[in-house]
Amino acid sequence: MHEVNPSRTALRVALRRAAHQLHDAKPLVFEDPLAVPILGREHYEEVKRTPDSVKRPFSAALRAFMVVRARLAEDTLAAAVRDLGVRQYLVLGAGLDTFACRNPYADVRVFEVDHPATQGWKIEMLASAGILASESARFVAVDFEKDSLRARLKAAGFDERVPTVTAWLGVVPYLTTEGFRATMRLLARFKAGSEVVFDYSQPREVLPPVEQLMHDSLSARVALAGEPFQLFFTPAQLAEELEWLGLRVVEDLDSTALSARYLAGRKDGLLLRGKAGRICVAASVEAVLGEVRD
């Protein structure tokens, strides 16, 4: 993420979500009728050129992970709205996520957080495509090197006392340890039972040799884009870290569990491969505001 340029990885994620709508077999894992329109004509031809899943299995596996994590985040929100009375949805590092424009829950307010450059670019793309955000949406521009996320959210009307689901997708591997902890400390302040859905990567050294090569290739590509991977956890390390910060793991899903839930029986080549990427759902525990770890 450069100072004045929108995130390149945000565009790559959006292209893969759009490709899922056009190229993968029905039923789709993640239905998003705005995923293609938000990209406009400028990127539509690139989406159409998405390689065949069978011929490019690792490209398809990356797309599968991105649509599965998006589906899990929105499934978590749906269950929390129904069962826990959640009334806020916080999307951190929103990129070109379109939920704020298709929110089906009349009582749920959506807060989208991203770097000012990326958020400004997204708002321009929405306007160019004629896509309107719902009245419940708030766009919160945050420069994490200069701004307080908590202060920016409060100014936008966010209420830490209201049950909240947070989607934090495609961000954690790019953070420093302190950057990760600072955000998790804030999420731990939310009303007890509030949940966060995020993906993370396991360290290179715990992966089998073939996956280490895949890891190296992907790491090199994101580094060239100026957004290198920095942070890795094993499941045990993550659980310990979250407990220390005031959250508990609800579920921590590997590719086998995710495939069983979302990809069983597919014959179109949309498959998860390897064990590097995982998705965690964690919940804030009972705590008085301000008493979590500082």
# chains A, B, ... in the order shown; residues from 1 in each chain; ligands from 1

call {"tool": "closest_atom_pairs", "arguments": {"of": "segment 175-291 of chain A", "to": "segment 142-150 of chain A", "cutoff": "10 Å", "atoms": "only C-alpha atoms", "output": "tab-separated table"}}
result
residue	atom	partner	partner_atom	distance
A:Gly179	CA	A:Phe144	CA	8.8
A:Ala182	CA	A:Leu149	CA	9.4
A:Thr183	CA	A:Leu149	CA	8.1
A:Leu186	CA	A:Arg150	CA	7.1
A:Leu187	CA	A:Arg150	CA	9.6

call {"tool": "residues_around", "arguments": {"residues": "Asp114 of chain A", "least_positions_apart": "5", "cutoff": "6 Å", "atoms": "only C-alpha atoms", "output": "PyMOL selection string"}}
result
chain A and resi 93-94+119+141-142

call {"tool": "closest_residue", "arguments": {"among": "A:Trp168, A:Tyr200, A:Phe65, A:Phe58", "to": "Tyr89 of chain A", "atoms": "only C-alpha atoms"}}
result
A:Trp168

call {"tool": "closest_residue", "arguments": {"among": "A:Cys280, A:Ala260, A:Ala155, A:Leu270", "to": "Leu238 of chain A", "atoms": "only C-alpha atoms"}}
result
A:Cys280

call {"tool": "closest_residue", "arguments": {"among": "A:Asp199, A:Glu211, A:Asp97, A:Glu31", "to": "Met125 of chain A", "atoms": "only C-alpha atoms"}}
result
A:Asp97

call {"tool": "atom_distance", "arguments": {"atom1": "atom CA of Asp268 of chain A", "atom2": "atom CA of His215 of chain A"}}
result
24.2 Å

call {"tool": "select_by_dssp", "arguments": {"residues": "segment 145-196 of chain A", "states": "strand (DSSP E)", "output": "list of chain:residue names"}}
result
A:Thr164, A:Val165, A:Thr166, A:Ala167, A:Trp168, A:Glu195, A:Val196

call {"tool": "closest_residue", "arguments": {"among": "A:Pro27, A:Pro104, A:Gly130, A:Gly120", "to": "Glu74 of chain A", "atoms": "only C-alpha atoms"}}
result
A:Pro104

call {"tool": "closest_residue", "arguments": {"among": "A:Gly193, A:Gly277, A:Pro33, A:Pro163", "to": "Leu90 of chain A", "atoms": "only C-alpha atoms"}}
result
A:Pro163

call {"tool": "residues_around", "arguments": {"residues": "Asp252 of chain A", "least_positions_apart": "5", "cutoff": "7 Å", "atoms": "only C-alpha atoms", "output": "ChimeraX atom specification"}}
result
/A:278-281

call {"tool": "write_last_selection", "arguments": {"atoms": "N, CA and C atoms", "output": "PDB file, in the first residue's frame"}}
result
ATOM      1  N   ARG A 278      -5.430 -20.311   6.399  1.00  0.00           N
ATOM      2  CA  ARG A 278      -6.481 -20.710   7.324  1.00  0.00           C
ATOM      3  C   ARG A 278      -7.390 -19.512   7.591  1.00  0.00           C
ATOM      4  N   ILE A 279      -8.591 -19.790   8.073  1.00  0.00           N
ATOM      5  CA  ILE A 279      -9.527 -18.722   8.411  1.00  0.00           C
ATOM      6  C   ILE A 279     -10.001 -18.943   9.839  1.00  0.00           C
ATOM      7  N   CYS A 280      -9.935 -17.880  10.617  1.00  0.00           N
ATOM      8  CA  CYS A 280     -10.287 -17.946  12.030  1.00  0.00           C
ATOM      9  C   CYS A 280     -11.495 -17.063  12.313  1.00  0.00           C
ATOM     10  N   VAL A 281     -12.381 -17.563  13.164  1.00  0.00           N
ATOM     11  CA  VAL A 281     -13.455 -16.753  13.746  1.00  0.00           C
ATOM     12  C   VAL A 281     -13.160 -16.673  15.233  1.00  0.00           C
TER      13      VAL A 281
END

call {"tool": "atom_distance", "arguments": {"atom1": "atom CA of Thr76 of chain A", "atom2": "atom CA of Glu195 of chain A"}}
result
8.3 Å

call {"tool": "atom_distance", "arguments": {"atom1": "atom CA of Ser194 of chain A", "atom2": "atom CA of Val81 of chain A"}}
result
10.9 Å

call {"tool": "residues_around", "arguments": {"residues": "Ala283 of chain A", "least_positions_apart": "5", "cutoff": "8 Å", "atoms": "only C-alpha atoms", "output": "list in words"}}
result
Ala188, Ala192, Gly193, Ser194, Glu195, Val196, Leu247, Arg248, Val249 and Val250 of chain A

call {"tool": "closest_atom_pairs", "arguments": {"of": "segment 104-180 of chain A", "to": "segment 40-50 of chain A", "cutoff": "12 Å", "atoms": "only C-alpha atoms", "output": "Markdown table"}}
result
| residue | atom | partner | partner_atom | distance |
| --- | --- | --- | --- | --- |
| A:Lys122 | CA | A:Gly40 | CA | 11.5 |
| A:Glu124 | CA | A:Gly40 | CA | 10.9 |
| A:Met125 | CA | A:Gly40 | CA | 7.5 |
| A:Leu126 | CA | A:Gly40 | CA | 9.0 |
| A:Ala127 | CA | A:Gly40 | CA | 10.4 |
| A:Ser128 | CA | A:Gly40 | CA | 7.5 |
| A:Ala129 | CA | A:Gly40 | CA | 6.2 |
| A:Gly130 | CA | A:Gly40 | CA | 9.9 |
| A:Ile131 | CA | A:Gly40 | CA | 10.8 |

call {"tool": "closest_atom_pairs", "arguments": {"of": "segment 21-100 of chain A", "to": "segment 6-17 of chain A", "cutoff": "7 Å", "atoms": "only C-alpha atoms", "output": "tab-separated table"}}
result
residue	atom	partner	partner_atom	distance
A:Gln21	CA	A:Arg17	CA	6.8
A:Ala35	CA	A:Arg17	CA	6.3
A:Val47	CA	A:Leu15	CA	6.1
A:Arg63	CA	A:Arg16	CA	5.5
A:Val67	CA	A:Arg17	CA	6.2
A:Gly95	CA	A:Ala10	CA	5.0
A:Leu96	CA	A:Ala14	CA	6.0

call {"tool": "write_last_selection", "arguments": {"atoms": "N, CA and C atoms", "output": "compact mmCIF listing (two decimals), in the first residue's frame"}}
result
# COMPACT_ATOMS: atom_id res chain seq x y z
N GLN A 21 -17.87 -15.17 -10.43
CA GLN A 21 -19.25 -14.97 -10.91
C GLN A 21 -19.40 -15.40 -12.36
N ALA A 35 -19.99 -7.75 -8.07
CA ALA A 35 -18.55 -7.99 -8.18
C ALA A 35 -18.01 -7.65 -9.56
N VAL A 47 -11.03 -9.86 -16.55
CA VAL A 47 -11.81 -10.89 -15.88
C VAL A 47 -12.20 -11.98 -16.86
N ARG A 63 -8.25 -18.35 -6.02
CA ARG A 63 -9.60 -17.79 -6.17
C ARG A 63 -10.57 -18.47 -5.20
N VAL A 67 -12.98 -16.59 -2.33
CA VAL A 67 -14.45 -16.59 -2.30
C VAL A 67 -14.97 -17.33 -1.07
N GLY A 95 -11.19 -2.75 0.63
CA GLY A 95 -10.90 -2.88 -0.80
C GLY A 95 -12.15 -2.62 -1.62
N LEU A 96 -12.45 -3.52 -2.57
CA LEU A 96 -13.63 -3.38 -3.42
C LEU A 96 -14.77 -4.28 -2.98

call {"tool": "closest_residue", "arguments": {"among": "A:His20, A:Arg69, A:Arg87, A:Lys26", "to": "Gly170 of chain A", "atoms": "only C-alpha atoms"}}
result
A:Arg69

call {"tool": "select_by_dssp", "arguments": {"residues": "segment 126-283 of chain A", "states": "alpha helix (DSSP H)", "output": "ChimeraX atom specification"}}
result
/A:126-129,149-155,177-188,209-224,235-245,255-262

call {"tool": "residues_around", "arguments": {"residues": "Tyr105 of chain A", "least_positions_apart": "6", "cutoff": "12 Å", "atoms": "only C-alpha atoms", "output": "ChimeraX atom specification"}}
result
/A:74,77-82,85-89,99,134-137

call {"tool": "decode", "arguments": {"residues": "segment 130-147 of chain A", "atoms": "N, CA and C atoms", "output": "PDB file, in the first residue's frame"}}
result
ATOM      1  N   GLY A 130     -22.341   3.427 -11.298  1.00  0.00           N
ATOM      2  CA  GLY A 130     -23.705   3.741 -10.920  1.00  0.00           C
ATOM      3  C   GLY A 130     -24.217   2.894  -9.767  1.00  0.00           C
ATOM      4  N   ILE A 131     -23.312   2.462  -8.893  1.00  0.00           N
ATOM      5  CA  ILE A 131     -23.683   1.623  -7.749  1.00  0.00           C
ATOM      6  C   ILE A 131     -23.778   2.495  -6.505  1.00  0.00           C
ATOM      7  N   LEU A 132     -24.883   2.380  -5.795  1.00  0.00           N
ATOM      8  CA  LEU A 132     -25.112   3.183  -4.602  1.00  0.00           C
ATOM      9  C   LEU A 132     -24.911   2.347  -3.343  1.00  0.00           C
ATOM     10  N   ALA A 133     -24.258   2.932  -2.358  1.00  0.00           N
ATOM     11  CA  ALA A 133     -24.160   2.284  -1.054  1.00  0.00           C
ATOM     12  C   ALA A 133     -25.489   2.442  -0.331  1.00  0.00           C
ATOM     13  N   SER A 134     -25.783   1.514   0.573  1.00  0.00           N
ATOM     14  CA  SER A 134     -27.010   1.624   1.351  1.00  0.00           C
ATOM     15  C   SER A 134     -26.909   2.810   2.303  1.00  0.00           C
ATOM     16  N   GLU A 135     -28.059   3.287   2.757  1.00  0.00           N
ATOM     17  CA  GLU A 135     -28.079   4.422   3.667  1.00  0.00           C
ATOM     18  C   GLU A 135     -27.402   4.098   4.992  1.00  0.00           C
ATOM     19  N   SER A 136     -27.285   2.823   5.304  1.00  0.00           N
ATOM     20  CA  SER A 136     -26.670   2.410   6.575  1.00  0.00           C
ATOM     21  C   SER A 136     -25.144   2.408   6.516  1.00  0.00           C
ATOM     22  N   ALA A 137     -24.573   2.626   5.342  1.00  0.00           N
ATOM     23  CA  ALA A 137     -23.122   2.492   5.178  1.00  0.00           C
ATOM     24  C   ALA A 137     -22.381   3.759   5.585  1.00  0.00           C
ATOM     25  N   ARG A 138     -21.222   3.556   6.219  1.00  0.00           N
ATOM     26  CA  ARG A 138     -20.319   4.649   6.555  1.00  0.00           C
ATOM     27  C   ARG A 138     -18.932   4.287   6.029  1.00  0.00           C
ATOM     28  N   PHE A 139     -18.347   5.182   5.232  1.00  0.00           N
ATOM     29  CA  PHE A 139     -17.001   4.975   4.717  1.00  0.00           C
ATOM     30  C   PHE A 139     -16.030   5.734   5.611  1.00  0.00           C
ATOM     31  N   VAL A 140     -15.110   5.008   6.223  1.00  0.00           N
ATOM     32  CA  VAL A 140     -14.205   5.578   7.217  1.00  0.00           C
ATOM     33  C   VAL A 140     -12.782   5.471   6.689  1.00  0.00           C
ATOM     34  N   ALA A 141     -12.218   6.584   6.279  1.00  0.00           N
ATOM     35  CA  ALA A 141     -10.853   6.610   5.749  1.00  0.00           C
ATOM     36  C   ALA A 141      -9.868   6.696   6.910  1.00  0.00           C
ATOM     37  N   VAL A 142      -8.919   5.764   6.949  1.00  0.00           N
ATOM     38  CA  VAL A 142      -7.954   5.712   8.044  1.00  0.00           C
ATOM     39  C   VAL A 142      -6.556   5.492   7.483  1.00  0.00           C
ATOM     40  N   ASP A 143      -5.661   6.412   7.753  1.00  0.00           N
ATOM     41  CA  ASP A 143      -4.244   6.217   7.489  1.00  0.00           C
ATOM     42  C   ASP A 143      -3.638   5.674   8.779  1.00  0.00           C
ATOM     43  N   PHE A 144      -3.349   4.381   8.802  1.00  0.00           N
ATOM     44  CA  PHE A 144      -2.954   3.734  10.047  1.00  0.00           C
ATOM     45  C   PHE A 144      -1.623   4.241  10.591  1.00  0.00           C
ATOM     46  N   GLU A 145      -0.829   4.919   9.763  1.00  0.00           N
ATOM     47  CA  GLU A 145       0.420   5.475  10.249  1.00  0.00           C
ATOM     48  C   GLU A 145       0.209   6.798  10.976  1.00  0.00           C
ATOM     49  N   LYS A 146      -0.969   7.407  10.770  1.00  0.00           N
ATOM     50  CA  LYS A 146      -1.206   8.740  11.328  1.00  0.00           C
ATOM     51  C   LYS A 146      -2.457   8.819  12.191  1.00  0.00           C
ATOM     52  N   ASP A 147      -3.456   7.980  11.920  1.00  0.00           N
ATOM     53  CA  ASP A 147      -4.767   8.112  12.535  1.00  0.00           C
ATOM     54  C   ASP A 147      -5.024   7.033  13.581  1.00  0.00           C
TER      55      ASP A 147
END
